[in-house]
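With compact mmCIF, C-alpha atoms and all ligand atoms inside, this is start.txt:
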```txt
# COMPACT_ATOMS: atom_id res chain seq x y z
CA MET A 22 -60.73 26.66 -76.51
CA THR A 23 -60.22 28.43 -73.19
CA GLY A 24 -62.91 30.53 -71.57
CA LYS A 25 -65.44 27.70 -71.31
CA PRO A 26 -66.44 27.51 -67.62
CA ILE A 27 -67.09 23.76 -67.68
CA LEU A 28 -63.68 23.02 -69.20
CA GLN A 29 -62.10 25.27 -66.56
CA VAL A 30 -63.81 23.31 -63.79
CA LEU A 31 -62.77 20.01 -65.35
CA SER A 32 -59.16 21.20 -65.38
CA GLY A 33 -59.44 21.57 -61.59
CA GLU A 34 -60.41 25.24 -61.14
CA SER A 35 -63.21 26.42 -58.90
CA VAL A 36 -65.37 28.75 -61.02
CA TRP A 37 -67.94 30.81 -59.11
CA PRO A 38 -70.88 31.14 -59.64
CA PRO A 39 -70.56 27.54 -60.82
CA PRO A 40 -71.45 26.53 -64.38
CA VAL A 41 -74.69 24.59 -64.80
CA TRP A 42 -76.43 22.11 -67.05
CA LEU A 43 -79.16 19.57 -66.26
CA MET A 44 -79.31 15.87 -67.09
CA ARG A 45 -82.18 15.30 -69.59
CA GLN A 46 -82.34 19.06 -70.14
CA ALA A 47 -83.65 18.39 -73.65
CA GLY A 48 -86.88 16.48 -73.35
CA ARG A 49 -90.56 16.48 -72.72
CA HIS A 50 -90.67 19.39 -70.25
CA LEU A 51 -89.89 21.72 -73.23
CA PRO A 52 -92.71 22.59 -75.65
CA GLU A 53 -90.14 23.06 -78.44
CA TYR A 54 -88.89 19.49 -77.81
CA ARG A 55 -92.42 18.10 -78.01
CA ALA A 56 -92.92 19.95 -81.30
CA THR A 57 -89.69 18.60 -82.85
CA ARG A 58 -90.42 15.12 -81.53
CA ALA A 59 -93.85 15.21 -83.23
CA VAL A 60 -92.15 16.04 -86.54
CA ALA A 61 -89.50 13.31 -86.12
CA GLY A 62 -91.88 10.43 -85.36
CA SER A 63 -90.49 7.92 -82.89
CA PHE A 64 -87.78 8.52 -80.29
CA MET A 65 -85.33 6.43 -82.38
CA ASP A 66 -86.22 8.42 -85.51
CA LEU A 67 -85.33 11.56 -83.57
CA CYS A 68 -82.01 10.14 -82.30
CA LEU A 69 -81.01 9.12 -85.84
CA ASN A 70 -82.03 12.38 -87.55
CA PRO A 71 -78.95 14.66 -87.33
CA GLU A 72 -80.80 17.86 -88.17
CA LEU A 73 -83.59 17.36 -85.61
CA ALA A 74 -81.36 15.79 -82.96
CA ALA A 75 -79.00 18.79 -83.22
CA GLN A 76 -81.98 21.10 -82.91
CA VAL A 77 -83.21 19.50 -79.67
CA THR A 78 -79.65 19.35 -78.27
CA LEU A 79 -79.45 23.14 -78.68
CA GLN A 80 -82.95 23.96 -77.36
CA PRO A 81 -82.04 24.17 -73.64
CA VAL A 82 -78.89 26.17 -74.46
CA ARG A 83 -80.97 28.70 -76.37
CA ARG A 84 -83.81 28.86 -73.85
CA TYR A 85 -81.89 28.83 -70.58
CA GLY A 86 -78.26 29.64 -71.43
CA MET A 87 -76.97 26.32 -70.09
CA ASP A 88 -73.17 26.03 -69.91
CA ALA A 89 -73.25 22.64 -71.63
CA ALA A 90 -75.13 21.04 -74.48
CA ILE A 91 -75.41 17.27 -74.04
CA LEU A 92 -75.77 15.29 -77.23
CA PHE A 93 -79.35 14.15 -77.71
CA SER A 94 -79.15 10.36 -78.00
CA ASP A 95 -79.49 7.42 -75.62
CA ILE A 96 -77.20 4.98 -73.82
CA LEU A 97 -78.95 2.11 -75.63
CA ILE A 98 -77.72 3.29 -79.04
CA VAL A 99 -74.58 1.16 -78.50
CA PRO A 100 -76.43 -2.18 -78.25
CA TRP A 101 -78.58 -1.04 -81.15
CA ALA A 102 -75.43 -0.28 -83.17
CA MET A 103 -74.08 -3.77 -82.36
CA GLY A 104 -77.21 -5.21 -83.96
CA GLN A 105 -79.36 -5.94 -80.91
CA GLY A 106 -82.87 -4.78 -81.77
CA LEU A 107 -84.19 -1.73 -79.92
CA THR A 108 -87.58 -0.06 -79.80
CA PHE A 109 -89.08 2.54 -77.49
CA ALA A 110 -92.71 1.72 -76.86
CA GLU A 111 -94.65 4.92 -76.12
CA GLY A 112 -94.86 5.42 -72.36
CA GLU A 113 -93.14 2.10 -71.64
CA GLY A 114 -89.45 2.78 -72.15
CA PRO A 115 -86.91 0.71 -74.06
CA ARG A 116 -87.39 -2.87 -75.30
CA LEU A 117 -84.53 -5.09 -76.55
CA PRO A 118 -84.60 -8.81 -77.43
CA PRO A 119 -82.60 -10.00 -74.38
CA ILE A 120 -79.19 -11.65 -74.77
CA ARG A 121 -79.65 -15.17 -73.37
CA ASP A 122 -76.90 -17.41 -74.75
CA ARG A 123 -73.66 -17.63 -76.72
CA ALA A 124 -75.49 -17.53 -80.04
CA ASP A 125 -77.13 -14.19 -79.08
CA LEU A 126 -73.75 -12.88 -77.98
CA ASP A 127 -71.97 -14.08 -81.14
CA ARG A 128 -74.49 -12.24 -83.31
CA LEU A 129 -73.50 -8.87 -81.79
CA ASP A 130 -71.13 -6.93 -84.05
CA ALA A 131 -68.82 -4.77 -81.91
CA LYS A 132 -66.53 -3.85 -84.81
CA GLY A 133 -69.31 -2.39 -86.97
CA ALA A 134 -70.96 -0.43 -84.15
CA ALA A 135 -69.25 2.94 -84.61
CA ALA A 136 -70.01 2.92 -88.36
CA ARG A 137 -73.66 2.15 -87.70
CA ALA A 138 -73.78 5.07 -85.27
CA ALA A 139 -72.55 7.49 -87.98
CA PRO A 140 -75.79 9.57 -87.92
CA ILE A 141 -75.08 10.39 -84.26
CA MET A 142 -71.64 11.73 -85.24
CA LYS A 143 -73.30 13.98 -87.79
CA THR A 144 -75.42 15.38 -84.95
CA VAL A 145 -72.27 16.02 -82.88
CA ARG A 146 -70.65 17.88 -85.80
CA ARG A 147 -73.71 20.04 -86.35
CA VAL A 148 -74.05 20.94 -82.68
CA ARG A 149 -70.37 21.80 -82.39
CA LEU A 150 -70.53 24.12 -85.42
CA ALA A 151 -73.61 25.87 -84.00
CA LEU A 152 -71.98 26.32 -80.58
CA ASP A 153 -68.76 27.65 -82.08
CA ALA A 154 -70.79 30.17 -84.07
CA ASP A 155 -73.34 31.31 -81.47
CA HIS A 156 -72.41 30.02 -77.99
CA PRO A 157 -68.61 30.06 -77.68
CA ARG A 158 -68.67 29.52 -73.89
CA THR A 159 -70.90 26.44 -74.04
CA THR A 160 -69.28 23.00 -73.82
CA LEU A 161 -70.44 20.04 -75.90
CA ILE A 162 -70.76 16.84 -73.85
CA GLY A 163 -70.84 13.47 -75.60
CA PHE A 164 -71.76 10.36 -73.64
CA SER A 165 -72.33 6.65 -73.40
CA GLY A 166 -73.70 4.31 -70.82
CA ALA A 167 -71.16 2.56 -68.62
CA LEU A 168 -70.63 -1.11 -69.47
CA TRP A 169 -72.39 -2.43 -66.33
CA THR A 170 -75.55 -0.36 -66.87
CA VAL A 171 -75.81 -1.10 -70.59
CA ALA A 172 -75.22 -4.82 -69.93
CA CYS A 173 -78.14 -4.69 -67.45
CA TYR A 174 -80.49 -3.57 -70.26
CA MET A 175 -79.00 -6.00 -72.81
CA LEU A 176 -79.63 -8.97 -70.52
CA GLU A 177 -82.98 -7.86 -69.09
CA GLY A 178 -84.40 -6.51 -72.36
CA LYS A 179 -86.11 -3.62 -70.59
CA GLY A 180 -85.89 -1.14 -67.74
CA GLY A 181 -88.13 -0.52 -64.79
CA GLY A 182 -86.99 -3.50 -62.69
CA GLU A 183 -84.04 -4.54 -60.59
CA PHE A 184 -81.96 -6.11 -63.38
CA LYS A 185 -81.80 -9.50 -61.72
CA GLN A 186 -80.64 -11.22 -64.93
CA ALA A 187 -77.35 -9.30 -64.88
CA ARG A 188 -76.97 -9.45 -61.10
CA ARG A 189 -77.43 -13.23 -61.15
CA LEU A 190 -75.27 -13.83 -64.21
CA ILE A 191 -72.15 -12.32 -62.61
CA HIS A 192 -72.32 -15.18 -60.10
CA ALA A 193 -73.89 -17.93 -62.24
CA ASP A 194 -71.71 -17.54 -65.35
CA PRO A 195 -69.01 -14.91 -64.86
CA GLU A 196 -67.21 -16.03 -68.03
CA PHE A 197 -70.24 -15.41 -70.20
CA PHE A 198 -70.84 -12.07 -68.50
CA ALA A 199 -67.18 -11.09 -69.04
CA ALA A 200 -67.48 -12.00 -72.75
CA LEU A 201 -70.51 -9.72 -73.09
CA MET A 202 -68.69 -6.92 -71.25
CA ALA A 203 -65.63 -7.31 -73.51
CA LYS A 204 -67.70 -6.90 -76.68
CA LEU A 205 -69.54 -3.97 -75.18
CA GLU A 206 -66.25 -2.36 -74.16
CA GLU A 207 -64.90 -2.49 -77.69
CA ALA A 208 -68.06 -0.94 -79.16
CA THR A 209 -68.40 1.69 -76.41
CA LEU A 210 -64.80 2.86 -76.73
CA ALA A 211 -65.10 3.21 -80.51
CA TYR A 212 -68.41 5.04 -80.09
CA LEU A 213 -66.97 7.50 -77.53
CA LEU A 214 -63.85 8.17 -79.57
CA ALA A 215 -65.98 8.80 -82.67
CA GLN A 216 -67.92 11.43 -80.70
CA ALA A 217 -64.66 13.08 -79.63
CA GLU A 218 -63.46 13.02 -83.24
CA ALA A 219 -66.72 14.68 -84.33
CA GLY A 220 -66.33 17.52 -81.83
CA ALA A 221 -67.46 16.44 -78.34
CA GLU A 222 -65.28 18.28 -75.80
CA VAL A 223 -66.14 16.20 -72.74
CA LEU A 224 -67.39 12.61 -72.43
CA MET A 225 -69.77 11.50 -69.70
CA ILE A 226 -70.25 7.87 -68.68
CA PHE A 227 -73.67 7.12 -67.16
CA ASP A 228 -73.68 4.16 -64.74
CA SER A 229 -77.28 4.50 -63.59
CA TRP A 230 -77.43 1.06 -61.97
CA ALA A 231 -73.98 1.02 -60.33
CA GLY A 232 -75.59 1.20 -56.88
CA GLN A 233 -77.01 -2.31 -57.16
CA LEU A 234 -73.66 -4.02 -56.71
CA PRO A 235 -71.92 -5.05 -53.47
CA PRO A 236 -68.39 -3.59 -53.05
CA GLU A 237 -66.38 -6.43 -54.62
CA ALA A 238 -68.63 -6.61 -57.68
CA PHE A 239 -68.69 -2.80 -57.85
CA ARG A 240 -64.89 -2.84 -58.12
CA LYS A 241 -64.88 -5.53 -60.78
CA TRP A 242 -67.79 -4.44 -62.99
CA VAL A 243 -68.03 -0.68 -62.37
CA ILE A 244 -64.61 0.67 -61.36
CA GLU A 245 -62.32 -1.60 -63.43
CA PRO A 246 -64.13 -1.27 -66.79
CA THR A 247 -64.55 2.48 -66.30
CA ALA A 248 -60.85 2.85 -65.45
CA ARG A 249 -59.97 0.93 -68.65
CA LEU A 250 -62.29 3.07 -70.78
CA ARG A 251 -60.89 6.20 -69.19
CA ALA A 252 -57.28 5.09 -69.84
CA ALA A 253 -58.04 4.18 -73.47
CA ILE A 254 -59.67 7.57 -74.07
CA LYS A 255 -56.60 9.24 -72.56
CA ALA A 256 -54.28 7.28 -74.85
CA ALA A 257 -56.20 8.52 -77.91
CA ARG A 258 -57.10 12.02 -76.71
CA PRO A 259 -54.81 13.04 -73.81
CA ASP A 260 -56.63 16.28 -72.95
CA LEU A 261 -60.24 15.16 -73.20
CA PRO A 262 -61.96 15.27 -69.78
CA VAL A 263 -64.34 12.53 -68.63
CA ILE A 264 -67.23 12.77 -66.15
CA GLY A 265 -68.30 9.54 -64.42
CA PHE A 266 -71.74 9.06 -62.86
CA PRO A 267 -71.97 5.88 -60.77
CA ARG A 268 -75.50 6.50 -59.57
CA LEU A 269 -76.36 5.44 -56.00
CA ALA A 270 -72.75 4.40 -55.36
CA GLY A 271 -72.93 5.77 -51.81
CA PRO A 272 -69.51 5.66 -50.10
CA MET A 273 -68.06 3.80 -53.12
CA LEU A 274 -68.15 7.18 -54.92
CA ALA A 275 -64.83 8.15 -53.29
CA GLU A 276 -63.07 4.96 -54.40
CA TYR A 277 -64.58 5.29 -57.89
CA ALA A 278 -63.24 8.86 -58.19
CA ALA A 279 -59.77 7.89 -57.00
CA ALA A 280 -59.46 4.67 -59.02
CA THR A 281 -61.02 5.52 -62.41
CA GLY A 282 -59.08 8.71 -63.14
CA VAL A 283 -62.16 10.67 -64.25
CA GLN A 284 -62.02 14.47 -63.96
CA ALA A 285 -65.45 14.77 -62.31
CA VAL A 286 -67.99 12.54 -60.62
CA GLY A 287 -71.73 13.05 -60.64
CA MET A 288 -73.50 13.04 -57.27
CA ASP A 289 -76.96 11.43 -57.34
CA THR A 290 -79.92 12.76 -55.38
CA ALA A 291 -79.18 10.59 -52.33
CA MET A 292 -75.57 11.76 -51.95
CA ASP A 293 -74.76 14.24 -49.16
CA PRO A 294 -72.68 16.96 -50.89
CA ALA A 295 -70.82 17.66 -47.64
CA TRP A 296 -69.78 13.98 -47.48
CA ALA A 297 -68.65 14.07 -51.10
CA ALA A 298 -66.69 17.28 -50.53
CA ALA A 299 -64.88 15.65 -47.61
CA ASN A 300 -64.24 12.22 -49.17
CA VAL A 301 -63.83 12.56 -52.94
CA PRO A 302 -60.21 13.52 -53.81
CA ALA A 303 -59.92 17.32 -54.02
CA ARG A 304 -58.57 17.18 -57.60
CA THR A 305 -61.81 15.53 -58.81
CA ALA A 306 -64.59 17.98 -59.65
CA LEU A 307 -68.10 17.27 -58.37
CA GLN A 308 -71.34 17.59 -60.31
CA GLY A 309 -74.91 17.54 -59.03
CA ASN A 310 -77.19 17.01 -57.23
CA LEU A 311 -80.46 18.90 -56.84
CA ASP A 312 -83.48 16.64 -56.39
CA PRO A 313 -85.51 16.81 -59.65
CA GLU A 314 -88.61 16.92 -57.44
CA ALA A 315 -87.39 20.16 -55.80
CA LEU A 316 -87.18 21.63 -59.30
CA ILE A 317 -90.80 20.61 -59.90
CA ALA A 318 -91.78 22.17 -56.55
CA GLY A 319 -89.97 25.48 -57.14
CA GLY A 320 -90.23 28.36 -54.61
CA THR A 321 -88.67 27.99 -51.18
CA ALA A 322 -88.06 24.24 -51.50
CA LEU A 323 -85.98 24.83 -54.61
CA ARG A 324 -84.11 27.81 -53.15
CA THR A 325 -83.29 26.07 -49.85
CA GLN A 326 -81.96 22.93 -51.52
CA ALA A 327 -79.98 24.75 -54.20
CA GLU A 328 -78.39 27.06 -51.62
CA GLY A 329 -77.48 24.11 -49.40
CA ILE A 330 -75.66 22.44 -52.29
CA LEU A 331 -73.89 25.69 -53.18
CA ALA A 332 -72.72 26.18 -49.59
CA ALA A 333 -71.26 22.66 -49.47
CA MET A 334 -69.50 23.10 -52.84
CA LYS A 335 -68.05 26.60 -52.37
CA GLY A 336 -64.34 26.68 -53.17
CA ARG A 337 -64.39 23.35 -54.96
CA PRO A 338 -64.30 22.60 -58.70
CA PHE A 339 -68.06 22.13 -59.13
CA ILE A 340 -70.71 21.93 -61.87
CA PHE A 341 -74.31 22.45 -60.77
CA ASN A 342 -76.72 19.78 -62.03
CA LEU A 343 -79.57 17.60 -60.84
CA GLY A 344 -79.14 14.29 -59.01
CA HIS A 345 -81.05 12.58 -61.85
CA GLY A 346 -82.84 13.70 -65.03
CA VAL A 347 -85.31 16.57 -65.52
CA GLU A 348 -88.84 15.20 -65.37
CA GLN A 349 -91.67 15.97 -67.74
CA PRO A 350 -93.87 17.98 -65.29
CA THR A 351 -91.01 20.43 -64.54
CA PRO A 352 -92.25 24.01 -65.04
CA ILE A 353 -90.03 26.17 -67.25
CA GLU A 354 -90.33 29.05 -64.74
CA HIS A 355 -88.71 26.88 -62.07
CA VAL A 356 -85.69 26.22 -64.27
CA MET A 357 -85.55 30.02 -64.77
CA GLN A 358 -85.75 30.48 -60.97
CA LEU A 359 -82.84 28.07 -60.53
CA MET A 360 -80.75 29.96 -63.11
CA GLU A 361 -81.44 33.19 -61.13
CA ILE A 362 -80.38 31.57 -57.84
CA LEU A 363 -77.14 30.38 -59.45
CA ARG A 364 -76.35 33.72 -61.06
CA ALA A 365 -76.65 35.36 -57.63
CA ALA A 366 -74.41 32.78 -55.91
O1 LIG B 401 -90.06 9.41 -75.75
C1 LIG B 401 -89.08 10.01 -75.30
O2 LIG B 401 -88.92 11.24 -75.45
C2 LIG B 401 -88.09 9.12 -74.64
C3 LIG B 401 -87.53 9.58 -73.34
C4 LIG B 401 -86.01 9.53 -73.43
C5 LIG B 401 -85.14 10.62 -73.58
C6 LIG B 401 -85.49 12.08 -73.68
C7 LIG B 401 -85.22 8.36 -73.42
C8 LIG B 401 -85.71 6.96 -73.35
N1 LIG B 401 -83.89 8.73 -73.57
C9 LIG B 401 -83.79 10.08 -73.66
C10 LIG B 401 -82.58 10.88 -73.90
C11 LIG B 401 -81.39 10.59 -73.09
N2 LIG B 401 -81.13 9.44 -72.38
C12 LIG B 401 -80.27 11.44 -72.96
C13 LIG B 401 -80.16 12.73 -73.75
C14 LIG B 401 -79.41 13.85 -73.28
C15 LIG B 401 -79.93 14.60 -72.06
O3 LIG B 401 -79.56 14.25 -70.93
O4 LIG B 401 -80.66 15.60 -72.24
C16 LIG B 401 -79.36 10.80 -72.09
C17 LIG B 401 -78.03 11.31 -71.58
C18 LIG B 401 -79.92 9.54 -71.74
C19 LIG B 401 -79.23 8.53 -70.91
C20 LIG B 401 -79.98 7.36 -70.43
N3 LIG B 401 -80.91 6.58 -71.10
C21 LIG B 401 -79.76 6.76 -69.17
C22 LIG B 401 -78.74 7.25 -68.18
C23 LIG B 401 -79.22 8.37 -67.34
C24 LIG B 401 -80.40 8.04 -66.43
O5 LIG B 401 -81.47 8.61 -66.69
O6 LIG B 401 -80.24 7.25 -65.49
C25 LIG B 401 -80.61 5.64 -69.06
C26 LIG B 401 -80.73 4.68 -67.90
C27 LIG B 401 -81.33 5.52 -70.29
C28 LIG B 401 -82.28 4.46 -70.68
C29 LIG B 401 -83.60 5.01 -71.03
N4 LIG B 401 -83.83 5.68 -72.21
C30 LIG B 401 -85.12 6.15 -72.24
C31 LIG B 401 -85.73 5.75 -71.02
C32 LIG B 401 -87.18 6.03 -70.64
C33 LIG B 401 -84.77 5.09 -70.26
C34 LIG B 401 -84.92 4.53 -68.84
C35 LIG B 401 -85.51 3.16 -68.87
C36 LIG B 401 -85.69 2.57 -67.48
O7 LIG B 401 -84.76 1.93 -66.97
O8 LIG B 401 -86.79 2.73 -66.91
```
Would you write the structure of this file as structure tokens?
Amino acid sequence: MTGKPILQVLSGESVWPPPVWLMRQAGRHLPEYRATRAVAGSFMDLCLNPELAAQVTLQPVRRYGMDAAILFSDILIVPWAMGQGLTFAEGEGPRLPPIRDRADLDRLDAKGAAARAAPIMKTVRRVRLALDADHPRTTLIGFSGALWTVACYMLEGKGGGEFKQARRLIHADPEFFAALMAKLEEATLAYLLAQAEAGAEVLMIFDSWAGQLPPEAFRKWVIEPTARLRAAIKAARPDLPVIGFPRLAGPMLAEYAAATGVQAVGMDTAMDPAWAAANVPARTALQGNLDPEALIAGGTALRTQAEGILAAMKGRPFIFNLGHGVEQPTPIEHVMQLMEILRAA
């Protein structure tokens, strides 16, 4: 459908004022999310309940008028769907039994992953129907983790650290690491294509831990697998745009944009938008990168930072977003203030 600002930007147009959505826009900062979450039970119960997951996906669209709805799910659903256990301990983040040897790897079922993730596709279908009916200018974004970032969690078994298991394994046993990545690639591609089939209009690939790798490893384990995923998506769905987010990539962001063939790259909080505007190929849209802490602060801090980003992005295909996810203490009024600043841009 034409007339969706985010799809216009992803086809290379500069739309002004720019469209906006926020990473983790559905979540604990919203009272309506906390209410639905309490009904659902655990975080996994919520992700696997199509009715409630669709409801929370739509909450920020209804409250703020965001230009995108991002599927409510998690990047760790793919390892879960391959049969690696996954729990979210309250206040502690994800826990997976770590992959340590060939036997652990052999137990993972890449072929059955998309079928096991079927409840997520029901959520996508529901959200798409609701948007078509009530929010025809809002774009539905599906997503997965990038292979490198998901492999970090699969090997470490948890977040919150520096993912030394994965960073050591690429040197200590590159063949084993490549075998894990190959299985993950098969499952991730099937999972992304299933979302597209169910009605996702854009796919975003989150590589939250890309910035831990030195340039050669970044090329091999971030750029190359993402370029392959991107090409395989294009072969199946030629017109479906992809947003890549290699967080903390620094100057590698430009090479990532040029070499992966994604239609947009996310800028993290540390990225200078002026540098990105000058160095990322002009055909690649940019997305980002307000500091989530400036959104918590509100007032002049929020206005100054948002206006600085807007000034650097003027004339460019650009989607306003944060540099990382919305945090729980974010006041609703500050998100409203941001929407006002953007409307006036
Ligand atoms: O109890 C809760 O409510 C759990 C908090 C939570 C939420 C709301 C988690 C656990 N995941 C999510 C949803 C989520 N995760 C979305 C939904 C859509 C949206 O953006 O609104 C998305 C896109 C993600 C992606 C995700 N999960 C990433 C990539 C983006 C990023 O933040 O860097 C990562 C790294 C994860 C792993 C994860 N899931 C949850 C937590 C607390 C974490 C981080 C663990 C860590 O490393 O510390």
Contact table chain A vs ligand LIG 401 (chain B), cut-off 8 Å, shortest pair per residue, all atoms listed in the file, as a Markdown table:
```
| residue | atom | partner | partner_atom | distance |
| --- | --- | --- | --- | --- |
| A:Leu43 | CA | B:LIG401 | O3 | 7.1 |
| A:Met44 | CA | B:LIG401 | O3 | 4.2 |
| A:Arg45 | CA | B:LIG401 | O4 | 3.1 |
| A:Gln46 | CA | B:LIG401 | O4 | 4.4 |
| A:Ala47 | CA | B:LIG401 | O4 | 4.3 |
| A:Gly48 | CA | B:LIG401 | C6 | 4.6 |
| A:Arg49 | CA | B:LIG401 | O2 | 6.1 |
| A:Arg58 | CA | B:LIG401 | O2 | 7.4 |
| A:Ser63 | CA | B:LIG401 | O1 | 7.3 |
| A:Phe64 | CA | B:LIG401 | O1 | 5.2 |
| A:Thr78 | CA | B:LIG401 | O4 | 7.2 |
| A:Ile91 | CA | B:LIG401 | C14 | 5.3 |
| A:Leu92 | CA | B:LIG401 | C14 | 5.6 |
| A:Phe93 | CA | B:LIG401 | C13 | 4.3 |
| A:Ser94 | CA | B:LIG401 | C13 | 5.0 |
| A:Asp95 | CA | B:LIG401 | N2 | 4.2 |
| A:Ile96 | CA | B:LIG401 | N3 | 4.9 |
| A:Leu97 | CA | B:LIG401 | C28 | 6.4 |
| A:Phe109 | CA | B:LIG401 | C8 | 6.9 |
| A:Glu111 | CA | B:LIG401 | O1 | 6.4 |
| A:Gly112 | CA | B:LIG401 | O1 | 7.1 |
| A:Glu113 | CA | B:LIG401 | C32 | 7.2 |
| A:Gly114 | CA | B:LIG401 | C32 | 4.2 |
| A:Pro115 | CA | B:LIG401 | C35 | 5.9 |
| A:Phe164 | CA | B:LIG401 | C17 | 6.7 |
| A:Ser165 | CA | B:LIG401 | C19 | 7.6 |
| A:Gly166 | CA | B:LIG401 | C22 | 6.4 |
| A:Thr170 | CA | B:LIG401 | C26 | 7.3 |
| A:Tyr174 | CA | B:LIG401 | O7 | 7.7 |
| A:Lys179 | CA | B:LIG401 | O7 | 6.8 |
| A:Gly180 | CA | B:LIG401 | O7 | 3.4 |
| A:Gly181 | CA | B:LIG401 | O8 | 4.1 |
| A:Gly182 | CA | B:LIG401 | O7 | 7.3 |
| A:Phe227 | CA | B:LIG401 | C22 | 5.2 |
| A:Asp228 | CA | B:LIG401 | C22 | 6.9 |
| A:Ser229 | CA | B:LIG401 | O6 | 4.5 |
| A:Trp230 | CA | B:LIG401 | O6 | 7.7 |
| A:Arg268 | CA | B:LIG401 | O6 | 7.6 |
| A:His345 | CA | B:LIG401 | O5 | 6.3 |
| A:Gly346 | CA | B:LIG401 | O5 | 5.5 |
```
Given the point (-60.2, 9.7, -78.3) in the coordinates of this file, which residues lie within 9 Å, counting all atoms listed in the file, and how would they look as an MDAnalysis selection string? chainID A and resid 210:211 213:218 253:259 261
Provide the atom CA of Thr351 of chain A to atom CA of Thr290 of chain A distance in Å, to one decimal place. 16.3 Å
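Taking atom CA of Leu129 of chain A and atom CA of Ala102 of chain A as endpoints, the distance between them is 8.9 Å.
Our summary of the geometry notes that atom CA of Pro294 of chain A is positioned 10.7 Å from atom CA of Gly344 of chain A.
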Residue neighbourhood segment 299-303 of chain A, 10 Å, all atoms listed in the file, exclusion window fewer than 2 positions, as a compact mmCIF listing (two decimals) with C-alpha atoms, keeping the file's coordinate frame:
```txt
# COMPACT_ATOMS: atom_id res chain seq x y z
CA GLY A 33 -59.44 21.57 -61.59
CA PRO A 272 -69.51 5.66 -50.10
CA MET A 273 -68.06 3.80 -53.12
CA LEU A 274 -68.15 7.18 -54.92
CA ALA A 275 -64.83 8.15 -53.29
CA GLU A 276 -63.07 4.96 -54.40
CA TYR A 277 -64.58 5.29 -57.89
CA ALA A 278 -63.24 8.86 -58.19
CA ALA A 279 -59.77 7.89 -57.00
CA ALA A 285 -65.45 14.77 -62.31
CA VAL A 286 -67.99 12.54 -60.62
CA PRO A 294 -72.68 16.96 -50.89
CA ALA A 295 -70.82 17.66 -47.64
CA TRP A 296 -69.78 13.98 -47.48
CA ALA A 297 -68.65 14.07 -51.10
CA THR A 305 -61.81 15.53 -58.81
CA ALA A 306 -64.59 17.98 -59.65
CA LEU A 307 -68.10 17.27 -58.37
CA ALA A 333 -71.26 22.66 -49.47
CA ARG A 337 -64.39 23.35 -54.96
CA PRO A 338 -64.30 22.60 -58.70
```
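Near Arg55 of chain A, within 12 Å and counting all atoms listed in the file, sit Ala47, Gly48, Arg49, His50, Leu51, Ala59, Val60, Ala61, Gly62, Ser63, Phe64, Leu67, Leu73, Gln76, Val77, Gln80 and Gln349 of chain A, not including residues fewer than 4 positions from it in the same chain.
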Name the residues in contact with Asn310 of chain A at a cut-off of 8 Å, using all atoms listed in the file, excluding same-chain residues fewer than 2 positions from it; report them as a PyMOL selection string. chain A and resi 287-290+292+294+308+312+330+341-345
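Every protein or nucleic acid residue with an atom no more than 9 Å from Val148 of chain A, counting all atoms listed in the file and leaving out same-chain residues fewer than 5 positions away, appears here: Ala74, Ala75, Gln76, Thr78, Leu79, Ala90, Leu92, Lys143, Asp153, Leu161 and Gly220 of chain A.
Compared by their closest atoms to Gly24 of chain A, and using all atoms listed in the file, the residues A:Asp88, A:Asp122, A:Asp130, A:Glu354 rank with A:Asp88 nearest.
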Please provide the set of residues having any atom within 12 Å of Thr325 of chain A, restricted to all atoms listed in the file, with same-chain residues fewer than 5 positions apart removed, written as a PyMOL selection string. chain A and resi 311-312+315-316+318-320+330-332+359+362
Given the choices A:Ala151, A:Met175, A:Val223, A:Ala135, which gets closest to Leu31 of chain A if the distance is worked out from all atoms listed in the file? A:Val223
Could you check the closest approach to Trp42 of chain A for each of A:Leu69, A:Ile162, A:Pro195, A:Arg121 and tell me which residue wins, using all atoms listed in the file? A:Ile162
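Distance annotation: of A:Gly232, A:Pro157, A:Pro119, A:Gly309, the residue with the minimal separation from Gly271 of chain A is A:Gly232; atom set is only C-alpha atoms.
The smallest atom-to-atom distance between Met103 of chain A and any of A:Thr209, A:Gln233, A:Gln284, A:Thr321, using only C-alpha atoms, is found for A:Thr209.
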